[in-house]
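Data from protein14.cif: mmCIF, C-alpha atoms
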```cif
data_structure
#
loop_
_atom_site.label_atom_id
_atom_site.label_comp_id
_atom_site.auth_asym_id
_atom_site.auth_seq_id
_atom_site.Cartn_x
_atom_site.Cartn_y
_atom_site.Cartn_z
CA MET A 25 0.00 0.00 0.00
CA HIS A 26 3.04 2.28 0.34
CA ASN A 27 3.33 2.25 -3.48
CA LEU A 28 -0.17 3.61 -4.04
CA PRO A 29 -0.52 7.15 -5.32
CA PRO A 30 -1.39 9.67 -2.61
CA TRP A 31 -4.86 10.35 -4.03
CA LEU A 32 -5.68 6.64 -4.07
CA ALA A 33 -4.44 6.20 -0.50
CA THR A 34 -6.60 9.11 0.61
CA THR A 35 -9.58 7.62 -1.18
CA LEU A 36 -8.92 4.30 0.52
CA ILE A 37 -8.87 6.00 3.92
CA LEU A 38 -11.90 8.21 3.47
CA LEU A 39 -14.14 5.95 1.42
CA ALA A 40 -13.18 2.32 0.88
CA ALA A 41 -12.25 1.21 4.41
CA PRO A 42 -15.15 2.82 6.31
CA ALA A 43 -17.61 1.86 3.56
CA LEU A 44 -16.56 -1.80 3.79
CA ALA A 45 -16.74 -1.75 7.60
CA VAL A 46 -20.18 -0.14 7.58
CA ALA A 47 -21.42 -2.67 5.01
CA VAL A 48 -20.29 -5.56 7.23
CA LEU A 49 -21.93 -3.93 10.25
CA THR A 50 -25.17 -3.46 8.30
CA VAL A 51 -25.27 -7.15 7.50
CA VAL A 52 -24.66 -8.03 11.16
CA GLN A 53 -27.39 -5.66 12.28
CA ALA A 54 -29.83 -7.15 9.77
CA LEU A 55 -29.11 -10.61 11.17
CA LEU A 56 -29.61 -9.35 14.71
CA ASP A 57 -32.97 -7.85 13.72
CA ARG A 58 -34.10 -11.27 12.54
CA VAL A 59 -32.83 -13.01 15.67
CA LEU A 60 -33.91 -10.40 18.25
CA ARG A 61 -37.64 -10.21 17.72
CA ALA A 62 -39.71 -7.64 19.53
CA GLU A 63 -41.80 -10.23 21.36
CA PHE A 64 -38.78 -12.20 22.62
CA ALA A 65 -36.10 -9.57 23.28
CA PRO A 66 -37.73 -6.12 23.21
CA VAL A 67 -34.98 -4.39 25.20
CA LEU A 68 -32.06 -5.76 23.15
CA ARG A 69 -33.91 -5.06 19.92
CA ARG A 70 -34.57 -1.47 20.98
CA VAL A 71 -30.90 -1.04 21.96
CA THR A 72 -29.61 -2.36 18.63
CA GLN A 73 -32.01 -0.16 16.71
CA GLY A 74 -31.34 2.94 18.78
CA ALA A 75 -27.54 2.61 18.54
CA ARG A 76 -27.50 1.76 14.83
CA ARG A 77 -26.30 5.11 13.52
CA PRO A 78 -23.70 5.88 16.22
CA LEU A 79 -22.31 2.34 15.91
CA ARG A 80 -21.81 2.86 12.20
CA ALA A 81 -19.91 6.05 12.93
CA VAL A 82 -17.71 4.22 15.47
CA VAL A 83 -17.00 1.36 13.07
CA ALA A 84 -16.20 3.77 10.23
CA LEU A 85 -13.75 5.70 12.41
CA LEU A 86 -12.11 2.51 13.66
CA ALA A 87 -11.65 1.35 10.05
CA ILE A 88 -9.89 4.61 9.19
CA VAL A 89 -7.65 4.29 12.26
CA ALA A 90 -6.79 0.70 11.26
CA VAL A 91 -5.62 1.57 7.73
CA LEU A 92 -4.04 4.89 8.64
CA PRO A 93 -0.49 3.48 9.24
CA ASP A 94 -0.49 1.85 5.76
CA SER A 95 -1.97 4.80 3.94
CA GLY A 96 1.32 6.20 2.68
CA LEU A 97 0.76 9.59 4.24
CA THR A 98 3.59 11.46 5.87
CA ASN A 99 4.07 11.17 9.59
CA THR A 100 2.96 14.75 10.11
CA ALA A 101 -0.26 14.28 8.12
CA ALA A 102 -0.94 10.87 9.65
CA GLY A 103 -0.40 12.30 13.16
CA ALA A 104 -2.76 15.21 12.56
CA ILE A 105 -5.44 12.94 11.10
CA GLY A 106 -4.92 10.49 13.95
CA ARG A 107 -5.56 13.20 16.55
CA LEU A 108 -8.71 14.30 14.77
CA LEU A 109 -9.85 10.71 14.55
CA GLY A 110 -9.26 10.28 18.29
CA LEU A 111 -11.51 13.22 19.08
CA ALA A 112 -14.17 12.02 16.66
CA LEU A 113 -13.96 8.48 18.05
CA ALA A 114 -14.40 9.73 21.64
CA ALA A 115 -17.44 11.72 20.58
CA ALA A 116 -18.88 8.76 18.64
CA LEU A 117 -18.36 6.39 21.57
CA GLY A 118 -20.09 8.83 23.94
CA TRP A 119 -22.93 9.16 21.44
CA THR A 120 -23.24 5.38 21.21
CA ILE A 121 -23.32 4.81 24.95
CA THR A 122 -25.84 7.62 25.47
CA ARG A 123 -28.12 6.28 22.74
CA MET A 124 -27.93 2.76 24.18
CA ALA A 125 -28.87 4.01 27.65
CA ALA A 126 -31.74 6.06 26.23
CA ALA A 127 -32.93 3.06 24.20
CA ILE A 128 -33.10 0.94 27.36
CA PHE A 129 -35.34 3.53 29.03
CA ASP A 130 -37.46 3.78 25.86
CA ALA A 131 -37.96 0.02 25.82
CA TYR A 132 -39.22 0.00 29.39
CA LEU A 133 -41.41 3.04 28.68
CA ASP A 134 -43.03 1.13 25.81
CA ARG A 135 -43.54 -1.85 28.08
CA ALA A 136 -45.12 0.31 30.80
CA GLN A 137 -47.58 1.77 28.30
CA ALA A 138 -48.36 -1.53 26.58
CA THR A 139 -48.84 -3.77 29.62
CA GLY A 140 -52.17 -4.16 31.34
CA GLU A 141 -51.12 -2.38 34.53
CA ASP A 142 -53.64 -0.16 36.23
CA GLU A 143 -53.47 3.55 35.55
CA PHE A 144 -51.86 4.40 38.89
CA HIS A 145 -48.84 2.09 38.50
CA ALA A 146 -48.46 2.93 34.81
CA ARG A 147 -48.24 6.66 35.55
CA ARG A 148 -45.81 6.05 38.40
CA ARG A 149 -43.44 3.99 36.26
CA THR A 150 -43.71 6.37 33.29
CA THR A 151 -42.76 9.33 35.47
CA GLN A 152 -39.72 7.61 36.95
CA LEU A 153 -38.46 6.33 33.61
CA THR A 154 -38.98 9.68 31.88
CA VAL A 155 -37.10 11.68 34.52
CA PHE A 156 -34.21 9.21 34.78
CA ARG A 157 -33.95 9.01 30.99
CA ARG A 158 -33.56 12.78 30.71
CA ILE A 159 -30.95 12.82 33.47
CA THR A 160 -29.02 9.95 31.88
CA VAL A 161 -29.00 11.58 28.45
CA ALA A 162 -27.91 14.92 29.91
CA ALA A 163 -25.12 13.23 31.89
CA GLY A 164 -23.98 11.30 28.81
CA ILE A 165 -23.79 14.45 26.71
CA ALA A 166 -21.91 16.35 29.44
CA LEU A 167 -19.40 13.54 29.97
CA THR A 168 -18.84 13.14 26.24
CA ILE A 169 -18.14 16.84 25.80
CA GLY A 170 -15.84 16.76 28.81
CA PHE A 171 -13.80 13.82 27.47
CA VAL A 172 -13.51 15.44 24.06
CA LEU A 173 -12.34 18.74 25.52
CA THR A 174 -9.82 17.13 27.85
CA ALA A 175 -8.37 15.25 24.86
CA ILE A 176 -7.39 18.58 23.27
CA PRO A 177 -4.05 19.62 24.83
CA ALA A 178 -4.50 23.33 24.16
CA VAL A 179 -7.94 23.46 25.74
CA ARG A 180 -6.85 21.36 28.71
CA THR A 181 -3.77 23.49 29.35
CA VAL A 182 -5.65 26.77 29.08
CA GLY A 183 -8.41 25.55 31.33
CA LEU A 184 -6.04 24.31 34.02
CA SER A 185 -4.00 27.51 33.94
CA LEU A 186 -7.09 29.65 34.27
CA PHE A 187 -8.37 27.72 37.27
CA ALA A 188 -4.91 27.68 38.85
CA SER A 189 -4.39 31.42 38.44
CA ALA A 190 -7.89 32.53 39.37
CA GLY A 191 -9.58 30.68 42.18
CA VAL A 192 -12.62 32.89 41.86
CA ALA A 193 -13.43 31.06 38.63
CA GLY A 194 -14.53 28.08 40.67
CA ILE A 195 -16.91 30.25 42.69
CA VAL A 196 -18.31 31.85 39.56
CA ALA A 197 -18.78 28.46 37.92
CA GLY A 198 -20.47 27.13 41.03
CA LEU A 199 -22.88 30.04 41.19
CA ALA A 200 -23.61 29.76 37.49
CA ALA A 201 -24.25 26.02 37.75
CA ARG A 202 -26.42 26.29 40.87
CA PRO A 203 -29.75 26.55 38.99
CA ALA A 204 -28.86 23.55 36.83
CA VAL A 205 -27.75 21.49 39.83
CA SER A 206 -30.86 22.54 41.76
CA SER A 207 -33.08 21.48 38.88
CA LEU A 208 -31.22 18.17 38.59
CA LEU A 209 -31.67 17.43 42.28
CA ALA A 210 -35.31 18.49 42.14
CA GLY A 211 -35.88 16.14 39.21
CA LEU A 212 -34.29 13.26 41.13
CA GLN A 213 -36.41 14.01 44.19
CA ILE A 214 -39.60 14.13 42.12
CA ALA A 215 -38.71 10.85 40.42
CA VAL A 216 -38.10 9.13 43.77
CA THR A 217 -40.77 10.66 46.03
CA GLN A 218 -43.28 11.37 43.23
CA PRO A 219 -45.44 14.17 44.61
CA VAL A 220 -46.79 14.32 41.06
CA ARG A 221 -46.61 11.93 38.13
CA ILE A 222 -47.21 12.23 34.41
CA GLY A 223 -50.97 12.11 33.89
CA ASP A 224 -51.90 13.21 37.43
CA ALA A 225 -54.91 15.48 37.84
CA VAL A 226 -53.78 18.49 39.88
CA VAL A 227 -54.97 21.91 40.94
CA VAL A 228 -52.19 24.52 40.90
CA GLU A 229 -52.73 28.24 41.52
CA GLY A 230 -56.47 27.58 41.35
CA VAL A 231 -56.17 26.01 37.87
CA PHE A 232 -57.17 22.40 37.20
CA GLY A 233 -55.16 20.35 34.72
CA HIS A 234 -53.18 17.19 34.04
CA VAL A 235 -49.40 16.80 34.27
CA GLU A 236 -48.38 16.53 30.63
CA ALA A 237 -44.57 16.39 30.83
CA ILE A 238 -41.78 16.47 33.41
CA THR A 239 -38.50 17.71 31.96
CA SER A 240 -35.15 18.31 33.62
CA THR A 241 -36.05 21.93 34.42
CA TYR A 242 -39.82 22.40 34.36
CA VAL A 243 -43.22 20.70 34.49
CA THR A 244 -45.95 21.23 31.90
CA ILE A 245 -49.56 21.09 33.08
CA ALA A 246 -52.23 20.91 30.40
CA THR A 247 -55.29 22.80 31.63
CA TRP A 248 -58.89 21.94 30.81
CA ASP A 249 -59.11 24.81 28.28
CA GLN A 250 -56.21 23.36 26.21
CA ARG A 251 -53.59 25.76 27.55
CA SER A 252 -50.24 24.90 29.12
CA LEU A 253 -49.12 25.97 32.58
CA ILE A 254 -45.31 25.88 32.84
CA LEU A 255 -43.84 25.54 36.34
CA PRO A 256 -40.22 25.11 37.44
CA LEU A 257 -39.40 21.86 39.20
CA SER A 258 -38.59 23.69 42.42
CA TYR A 259 -42.18 24.99 42.55
CA LEU A 260 -43.55 21.49 43.07
CA LEU A 261 -41.27 20.97 46.06
CA GLU A 262 -41.76 24.37 47.68
CA LYS A 263 -45.41 25.28 47.08
CA PRO A 264 -48.58 23.37 48.05
CA LEU A 265 -50.70 21.82 45.32
CA LEU A 266 -53.78 19.62 45.21
CA ASN A 267 -53.17 16.21 43.62
CA TRP A 268 -56.42 14.40 42.91
CA THR A 269 -54.71 11.18 41.81
CA LYS A 270 -51.80 10.82 44.25
CA ASN A 271 -52.77 7.39 45.56
CA SER A 272 -55.52 6.47 43.13
CA SER A 273 -57.38 7.95 40.20
CA GLN A 274 -60.73 7.19 41.89
CA LEU A 275 -62.47 10.24 43.34
CA LEU A 276 -65.28 11.24 45.69
CA ASP A 277 -67.08 14.51 45.08
CA SER A 278 -70.43 16.08 45.84
CA VAL A 279 -73.31 17.97 44.30
CA MET A 280 -74.77 20.58 46.63
CA LEU A 281 -78.52 21.35 46.60
CA TYR A 282 -80.16 24.25 48.42
CA LEU A 283 -83.82 23.34 48.89
CA ASP A 284 -86.83 24.58 50.77
CA TYR A 285 -87.53 23.11 54.20
CA GLY A 286 -90.67 21.44 52.88
CA VAL A 287 -88.84 19.20 50.42
CA PRO A 288 -89.33 15.43 50.97
CA VAL A 289 -85.74 14.28 51.51
CA ALA A 290 -86.72 10.63 51.14
CA ALA A 291 -88.08 11.36 47.66
CA VAL A 292 -84.86 13.18 46.73
CA ARG A 293 -82.82 10.22 47.96
CA ALA A 294 -84.93 7.78 45.92
CA GLU A 295 -84.64 9.93 42.79
CA VAL A 296 -80.84 10.21 43.16
CA SER A 297 -80.61 6.42 43.40
CA ARG A 298 -82.72 6.08 40.26
CA ILE A 299 -80.73 8.68 38.29
CA ILE A 300 -77.32 7.30 39.25
CA GLN A 301 -78.14 3.86 37.86
CA GLY A 302 -78.46 5.31 34.38
CA LEU A 303 -75.21 7.32 34.39
CA PRO A 304 -72.23 5.43 32.90
CA GLN A 305 -69.74 7.74 34.63
CA TRP A 306 -70.62 6.30 38.07
CA ASP A 307 -68.24 3.54 39.21
CA GLN A 308 -70.84 2.02 41.60
CA ARG A 309 -68.80 2.64 44.74
CA VAL A 310 -70.45 5.50 46.63
CA CYS A 311 -73.81 7.25 46.33
CA GLY A 312 -75.48 9.01 49.25
CA VAL A 313 -77.79 11.88 50.11
CA GLN A 314 -77.45 13.81 53.38
CA VAL A 315 -78.76 17.06 54.84
CA THR A 316 -75.50 18.78 55.80
CA ASP A 317 -76.66 22.22 56.96
CA MET A 318 -79.70 24.29 57.93
CA LYS A 319 -79.55 27.87 56.70
CA GLU A 320 -81.87 30.83 57.22
CA ARG A 321 -83.96 30.35 54.09
CA CYS A 322 -83.10 26.83 52.90
CA MET A 323 -81.42 23.62 53.87
CA GLU A 324 -78.25 22.26 52.31
CA VAL A 325 -78.46 18.76 50.81
CA ARG A 326 -75.26 17.00 49.72
CA VAL A 327 -75.29 14.29 47.06
CA LEU A 328 -72.06 12.31 47.44
CA LEU A 329 -70.82 10.53 44.29
CA SER A 330 -67.83 8.48 43.15
CA ALA A 331 -66.12 8.07 39.78
CA ALA A 332 -63.08 6.36 38.31
CA ASN A 333 -61.19 9.56 37.41
CA ALA A 334 -61.44 13.34 37.38
CA GLY A 335 -62.89 13.62 33.88
CA GLN A 336 -65.72 11.21 34.57
CA MET A 337 -66.37 12.86 37.93
CA PHE A 338 -66.88 16.25 36.28
CA ASP A 339 -69.34 14.79 33.76
CA LEU A 340 -71.13 12.85 36.52
CA ARG A 341 -71.67 15.93 38.66
CA CYS A 342 -72.98 17.96 35.72
CA ALA A 343 -75.39 15.19 34.68
CA MET A 344 -76.66 14.77 38.26
CA ARG A 345 -77.31 18.51 38.63
CA GLU A 346 -79.21 18.70 35.34
CA ARG A 347 -81.47 15.75 36.06
CA LEU A 348 -82.15 16.69 39.66
CA VAL A 349 -83.15 20.25 38.74
CA GLU A 350 -85.41 18.91 35.98
CA TRP A 351 -87.06 16.45 38.36
CA LEU A 352 -87.52 19.02 41.12
CA SER A 353 -89.02 21.56 38.72
CA ARG A 354 -91.46 18.94 37.43
CA GLU A 355 -92.38 16.96 40.55
CA HIS A 356 -91.66 19.29 43.48
CA PRO A 357 -91.54 22.90 42.35
CA GLU A 358 -92.31 23.97 45.89
CA ALA A 359 -89.01 22.41 46.99
CA LEU A 360 -86.93 25.03 45.22
CA PRO A 361 -85.72 27.83 47.52
CA ARG A 362 -88.28 30.58 48.06
CA LEU A 363 -88.10 33.97 49.69
CA ARG A 364 -91.08 34.43 52.04
CA VAL A 365 -92.28 38.00 52.49
CA SER A 366 -95.09 39.10 54.84
CA ALA A 367 -96.64 42.36 53.66
CA PRO A 368 -98.10 44.72 56.32
CA PRO A 369 -101.82 45.33 56.12
CA ALA A 370 -102.93 48.25 53.99
CA ALA A 371 -104.05 51.52 55.58
CA ASN A 372 -107.70 51.15 54.37
CA ASP A 373 -107.91 47.70 55.92
CA THR A 374 -106.77 49.17 59.25
CA LYS A 375 -109.47 51.90 59.13
CA ASP A 376 -112.19 49.37 58.29
CA GLU A 377 -111.19 47.23 61.24
CA ALA A 378 -111.24 50.23 63.55
CA ALA A 379 -114.71 51.22 62.35
#
```
Kindly present the structure from the file in structure tokens form.
Amino acid sequence: MHNLPPWLATTLILLAAPALAVAVLTVVQALLDRVLRAEFAPVLRRVTQGARRPLRAVVALLAIVAVLPDSGLTNTAAGAIGRLLGLALAAALGWTITRMAAAIFDAYLDRAQATGEDEFHARRRTTQLTVFRRITVAAGIALTIGFVLTAIPAVRTVGLSLFASAGVAGIVAGLAARPAVSSLLAGLQIAVTQPVRIGDAVVVEGVFGHVEAITSTYVTIATWDQRSLILPLSYLLEKPLLNWTKNSSQLLDSVMLYLDYGVPVAAVRAEVSRIIQGLPQWDQRVCGVQVTDMKERCMEVRVLLSAANAGQMFDLRCAMRERLVEWLSREHPEALPRLRVSAPPAANDTKDEAA
């Protein structure tokens, strides 16, 4: 190979060797796809598919490194290319490892969404896997950049000299990195303790919504009116919020009625039992009617209901209100709250009585 013309040697380095290596790797990957079926080895299959492109880059770079000594290039040119290849290989290896780790999390995320687990456990596992995946990818990118930079002598020397000559740089860097570190720790704490999970129904700042995404720095809450409420991770750990689905997605809620004192409560209770049987949103756990307060002009009647989740509970309460008001207006109009007014006798009536 030393007798090859320089242009042919360069072509061999840049095209022939990596192309041949990538072709061999493609064949191996095709065989692995046939062997590792999704139903038998879902995690390994996802890893091989996710790392396909970075592995090709690694193999191509290794092929160039292998033929570089026999390329016929001068020592100076071969040394310069070798250093560049070392940096590129470090970056490609970091890319490969990061993609493999992310593919493992993706495989378990797919399994959590595809299995027949109940909603509570599925949301719990999805939240943990999503947060840890983001942290792993961020750590992989940071470590890869760090290894690449430390492999450059000029950058390493300048960086060390700056830190050695100016100790305040460490303080500045620490202050600058404090928000990122705080967000990272907050993400880890949320993933472990799970005050909220992806898909939870929450009330924050008086706004009801569902947790749509948990990133490394913020949480997105999709509100009922199709808007997005963006909150920093630290907010969830420092401020109170109402989580309707912390332990279970099942809910208890009530419909309040303010009726006249003459209303037959037994008839209201019987009608609520009849209505609830025809509402598909009811999960058949709880249904009760109680007089909870006696006010000046009416009495307060609470209809306690249960539903499988927040969305069905909202629809159940609305349907119960509509049907109860319709029934009361039709069957017991006198039961609706009334304002009683006693008018004083007229002046003429008083004179007639006196006469």
Can you work out the spacing between CA of Ser297 (chain A) and CA of Arg321 (chain A) in Å, to one decimal?
->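 Pair CA of Ser297 (chain A) / CA of Arg321 (chain A) returns 26.4 Å.
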Where does the PyMOL selection byres ((chain A and resi 217) around 12) land in this file, that is, which residues does it pick, as a PyMOL selection string?
-> chain A and resi 148+151-152+209-216+218-221+260-261+270
Just so the selection is clear, what residues does the PyMOL selection byres ((chain A and resi 282) around 8) cover here, as a PDB file with C-alpha atoms, in the coordinates of the input?
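The resulting out-v6.pdb:
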```pdb
ATOM      1  CA  MET A 280     -74.770  20.580  46.630  1.00  0.00           C
ATOM      2  CA  LEU A 281     -78.520  21.350  46.600  1.00  0.00           C
ATOM      3  CA  LEU A 283     -83.820  23.340  48.890  1.00  0.00           C
ATOM      4  CA  ASP A 284     -86.830  24.580  50.770  1.00  0.00           C
ATOM      5  CA  CYS A 322     -83.100  26.830  52.900  1.00  0.00           C
ATOM      6  CA  MET A 323     -81.420  23.620  53.870  1.00  0.00           C
ATOM      7  CA  GLU A 324     -78.250  22.260  52.310  1.00  0.00           C
ATOM      8  CA  VAL A 325     -78.460  18.760  50.810  1.00  0.00           C
ATOM      9  CA  LEU A 360     -86.930  25.030  45.220  1.00  0.00           C
ATOM     10  CA  PRO A 361     -85.720  27.830  47.520  1.00  0.00           C
TER      11      PRO A 361
END
```
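Take the PyMOL selection byres ((chain A and resi 300-316) around 9) and apply it to this file: it picks A:Gln274, A:Leu276, A:Val289, A:Val292, A:Arg293, A:Glu295, A:Val296, A:Ser297, A:Arg298, A:Ile299, A:Asp317, A:Met318, A:Met323, A:Glu324, A:Val325, A:Arg326, A:Val327, A:Leu328, A:Leu329, A:Ser330, A:Ala331, A:Ala332, A:Gln336, A:Met337, A:Asp339, A:Leu340, A:Ala343, A:Met344.
Distance-wise, CA of Asp134 (chain A) and CA of Ala237 (chain A) end up 16.1 Å apart.
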Could you tell me how far CA of Gly286 (chain A) lies from CA of Leu348 (chain A), in Å and to one decimal?
-> 16.4 Å
Can you work out which one of A:Pro42, A:Tyr242, A:Gly230, A:Pro288 has the shortest atom-to-atom distance to Val82 (chain A), counting only C-alpha atoms?
->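 Closest to Val82 (chain A) of all the choices is A:Pro42.
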Contacts of Asp130 (chain A) at 9 Å or less, counting all atoms listed in the file, minus same-chain residues fewer than 6 places along, as a PDB file with C-alpha atoms, in the coordinates of the input?
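Below is the file that was written, part.pdb:
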```pdb
ATOM      1  CA  VAL A  67     -34.980  -4.390  25.200  1.00  0.00           C
ATOM      2  CA  ARG A  70     -34.570  -1.470  20.980  1.00  0.00           C
ATOM      3  CA  LEU A 153     -38.460   6.330  33.610  1.00  0.00           C
ATOM      4  CA  THR A 154     -38.980   9.680  31.880  1.00  0.00           C
ATOM      5  CA  ARG A 157     -33.950   9.010  30.990  1.00  0.00           C
TER       6      ARG A 157
END
```
Distance criterion (only C-alpha atoms): nearest to Val228 (chain A) out of A:Gln73, A:Lys319, A:Ile254, A:Leu266 = A:Leu266
From the set A:Val243, A:Ala41, A:Ala359, A:Leu111, which residue has the shortest atom-to-atom contact distance to Ser258 (chain A), counting all atoms listed in the file?
-> A:Val243
Would you kindly place N, CA and C atoms on region 283-311 of chain A and return the model as a PDB file, in the coordinates of the input?
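Below is the file that was written, selection-v5.pdb:
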```pdb
ATOM      1  N   LEU A 283     -82.394  23.585  49.076  1.00  0.00           N
ATOM      2  CA  LEU A 283     -83.820  23.340  48.890  1.00  0.00           C
ATOM      3  C   LEU A 283     -84.633  23.917  50.029  1.00  0.00           C
ATOM      4  N   ASP A 284     -85.904  24.076  49.765  1.00  0.00           N
ATOM      5  CA  ASP A 284     -86.830  24.580  50.770  1.00  0.00           C
ATOM      6  C   ASP A 284     -87.008  23.540  51.883  1.00  0.00           C
ATOM      7  N   TYR A 285     -87.383  24.018  53.082  1.00  0.00           N
ATOM      8  CA  TYR A 285     -87.530  23.110  54.200  1.00  0.00           C
ATOM      9  C   TYR A 285     -88.661  22.098  54.002  1.00  0.00           C
ATOM     10  N   GLY A 286     -89.562  22.362  53.099  1.00  0.00           N
ATOM     11  CA  GLY A 286     -90.670  21.440  52.880  1.00  0.00           C
ATOM     12  C   GLY A 286     -90.367  20.328  51.907  1.00  0.00           C
ATOM     13  N   VAL A 287     -89.165  20.223  51.402  1.00  0.00           N
ATOM     14  CA  VAL A 287     -88.840  19.200  50.420  1.00  0.00           C
ATOM     15  C   VAL A 287     -88.853  17.816  51.088  1.00  0.00           C
ATOM     16  N   PRO A 288     -89.402  16.802  50.430  1.00  0.00           N
ATOM     17  CA  PRO A 288     -89.330  15.430  50.970  1.00  0.00           C
ATOM     18  C   PRO A 288     -87.947  14.827  50.690  1.00  0.00           C
ATOM     19  N   VAL A 289     -87.105  14.769  51.691  1.00  0.00           N
ATOM     20  CA  VAL A 289     -85.740  14.280  51.510  1.00  0.00           C
ATOM     21  C   VAL A 289     -85.731  12.824  51.058  1.00  0.00           C
ATOM     22  N   ALA A 290     -86.663  12.032  51.557  1.00  0.00           N
ATOM     23  CA  ALA A 290     -86.720  10.630  51.140  1.00  0.00           C
ATOM     24  C   ALA A 290     -86.973  10.509  49.638  1.00  0.00           C
ATOM     25  N   ALA A 291     -87.820  11.389  49.098  1.00  0.00           N
ATOM     26  CA  ALA A 291     -88.080  11.360  47.660  1.00  0.00           C
ATOM     27  C   ALA A 291     -86.844  11.780  46.876  1.00  0.00           C
ATOM     28  N   VAL A 292     -86.108  12.774  47.390  1.00  0.00           N
ATOM     29  CA  VAL A 292     -84.860  13.180  46.730  1.00  0.00           C
ATOM     30  C   VAL A 292     -83.862  12.037  46.736  1.00  0.00           C
ATOM     31  N   ARG A 293     -83.753  11.348  47.868  1.00  0.00           N
ATOM     32  CA  ARG A 293     -82.820  10.220  47.960  1.00  0.00           C
ATOM     33  C   ARG A 293     -83.200   9.112  46.981  1.00  0.00           C
ATOM     34  N   ALA A 294     -84.484   8.822  46.851  1.00  0.00           N
ATOM     35  CA  ALA A 294     -84.930   7.780  45.920  1.00  0.00           C
ATOM     36  C   ALA A 294     -84.663   8.196  44.477  1.00  0.00           C
ATOM     37  N   GLU A 295     -84.870   9.467  44.162  1.00  0.00           N
ATOM     38  CA  GLU A 295     -84.640   9.930  42.790  1.00  0.00           C
ATOM     39  C   GLU A 295     -83.146   9.913  42.439  1.00  0.00           C
ATOM     40  N   VAL A 296     -82.289  10.273  43.402  1.00  0.00           N
ATOM     41  CA  VAL A 296     -80.840  10.210  43.160  1.00  0.00           C
ATOM     42  C   VAL A 296     -80.412   8.771  42.885  1.00  0.00           C
ATOM     43  N   SER A 297     -80.939   7.829  43.640  1.00  0.00           N
ATOM     44  CA  SER A 297     -80.610   6.420  43.400  1.00  0.00           C
ATOM     45  C   SER A 297     -81.084   5.962  42.027  1.00  0.00           C
ATOM     46  N   ARG A 298     -82.231   6.453  41.582  1.00  0.00           N
ATOM     47  CA  ARG A 298     -82.720   6.080  40.260  1.00  0.00           C
ATOM     48  C   ARG A 298     -81.884   6.703  39.145  1.00  0.00           C
ATOM     49  N   ILE A 299     -81.513   7.983  39.326  1.00  0.00           N
ATOM     50  CA  ILE A 299     -80.730   8.680  38.290  1.00  0.00           C
ATOM     51  C   ILE A 299     -79.357   8.062  38.148  1.00  0.00           C
ATOM     52  N   ILE A 300     -78.718   7.752  39.286  1.00  0.00           N
ATOM     53  CA  ILE A 300     -77.320   7.300  39.250  1.00  0.00           C
ATOM     54  C   ILE A 300     -77.173   5.976  38.523  1.00  0.00           C
ATOM     55  N   GLN A 301     -78.216   5.153  38.533  1.00  0.00           N
ATOM     56  CA  GLN A 301     -78.140   3.860  37.860  1.00  0.00           C
ATOM     57  C   GLN A 301     -78.034   3.997  36.347  1.00  0.00           C
ATOM     58  N   GLY A 302     -78.501   5.121  35.819  1.00  0.00           N
ATOM     59  CA  GLY A 302     -78.460   5.310  34.380  1.00  0.00           C
ATOM     60  C   GLY A 302     -77.304   6.150  33.892  1.00  0.00           C
ATOM     61  N   LEU A 303     -76.363   6.507  34.780  1.00  0.00           N
ATOM     62  CA  LEU A 303     -75.210   7.320  34.390  1.00  0.00           C
ATOM     63  C   LEU A 303     -73.975   6.440  34.264  1.00  0.00           C
ATOM     64  N   PRO A 304     -73.392   6.316  33.076  1.00  0.00           N
ATOM     65  CA  PRO A 304     -72.230   5.430  32.900  1.00  0.00           C
ATOM     66  C   PRO A 304     -70.975   5.940  33.590  1.00  0.00           C
ATOM     67  N   GLN A 305     -70.938   7.215  33.978  1.00  0.00           N
ATOM     68  CA  GLN A 305     -69.740   7.740  34.630  1.00  0.00           C
ATOM     69  C   GLN A 305     -69.599   7.242  36.075  1.00  0.00           C
ATOM     70  N   TRP A 306     -70.674   6.760  36.678  1.00  0.00           N
ATOM     71  CA  TRP A 306     -70.620   6.300  38.070  1.00  0.00           C
ATOM     72  C   TRP A 306     -69.913   4.954  38.133  1.00  0.00           C
ATOM     73  N   ASP A 307     -68.976   4.790  39.071  1.00  0.00           N
ATOM     74  CA  ASP A 307     -68.240   3.540  39.210  1.00  0.00           C
ATOM     75  C   ASP A 307     -68.857   2.589  40.232  1.00  0.00           C
ATOM     76  N   GLN A 308     -70.064   2.904  40.716  1.00  0.00           N
ATOM     77  CA  GLN A 308     -70.840   2.020  41.600  1.00  0.00           C
ATOM     78  C   GLN A 308     -70.187   1.794  42.955  1.00  0.00           C
ATOM     79  N   ARG A 309     -69.421   2.772  43.420  1.00  0.00           N
ATOM     80  CA  ARG A 309     -68.800   2.640  44.740  1.00  0.00           C
ATOM     81  C   ARG A 309     -69.588   3.387  45.818  1.00  0.00           C
ATOM     82  N   VAL A 310     -69.851   4.671  45.589  1.00  0.00           N
ATOM     83  CA  VAL A 310     -70.450   5.500  46.630  1.00  0.00           C
ATOM     84  C   VAL A 310     -71.574   6.324  46.008  1.00  0.00           C
ATOM     85  N   CYS A 311     -72.718   6.362  46.700  1.00  0.00           N
ATOM     86  CA  CYS A 311     -73.810   7.250  46.330  1.00  0.00           C
ATOM     87  C   CYS A 311     -74.646   7.478  47.599  1.00  0.00           C
TER      88      CYS A 311
END
```
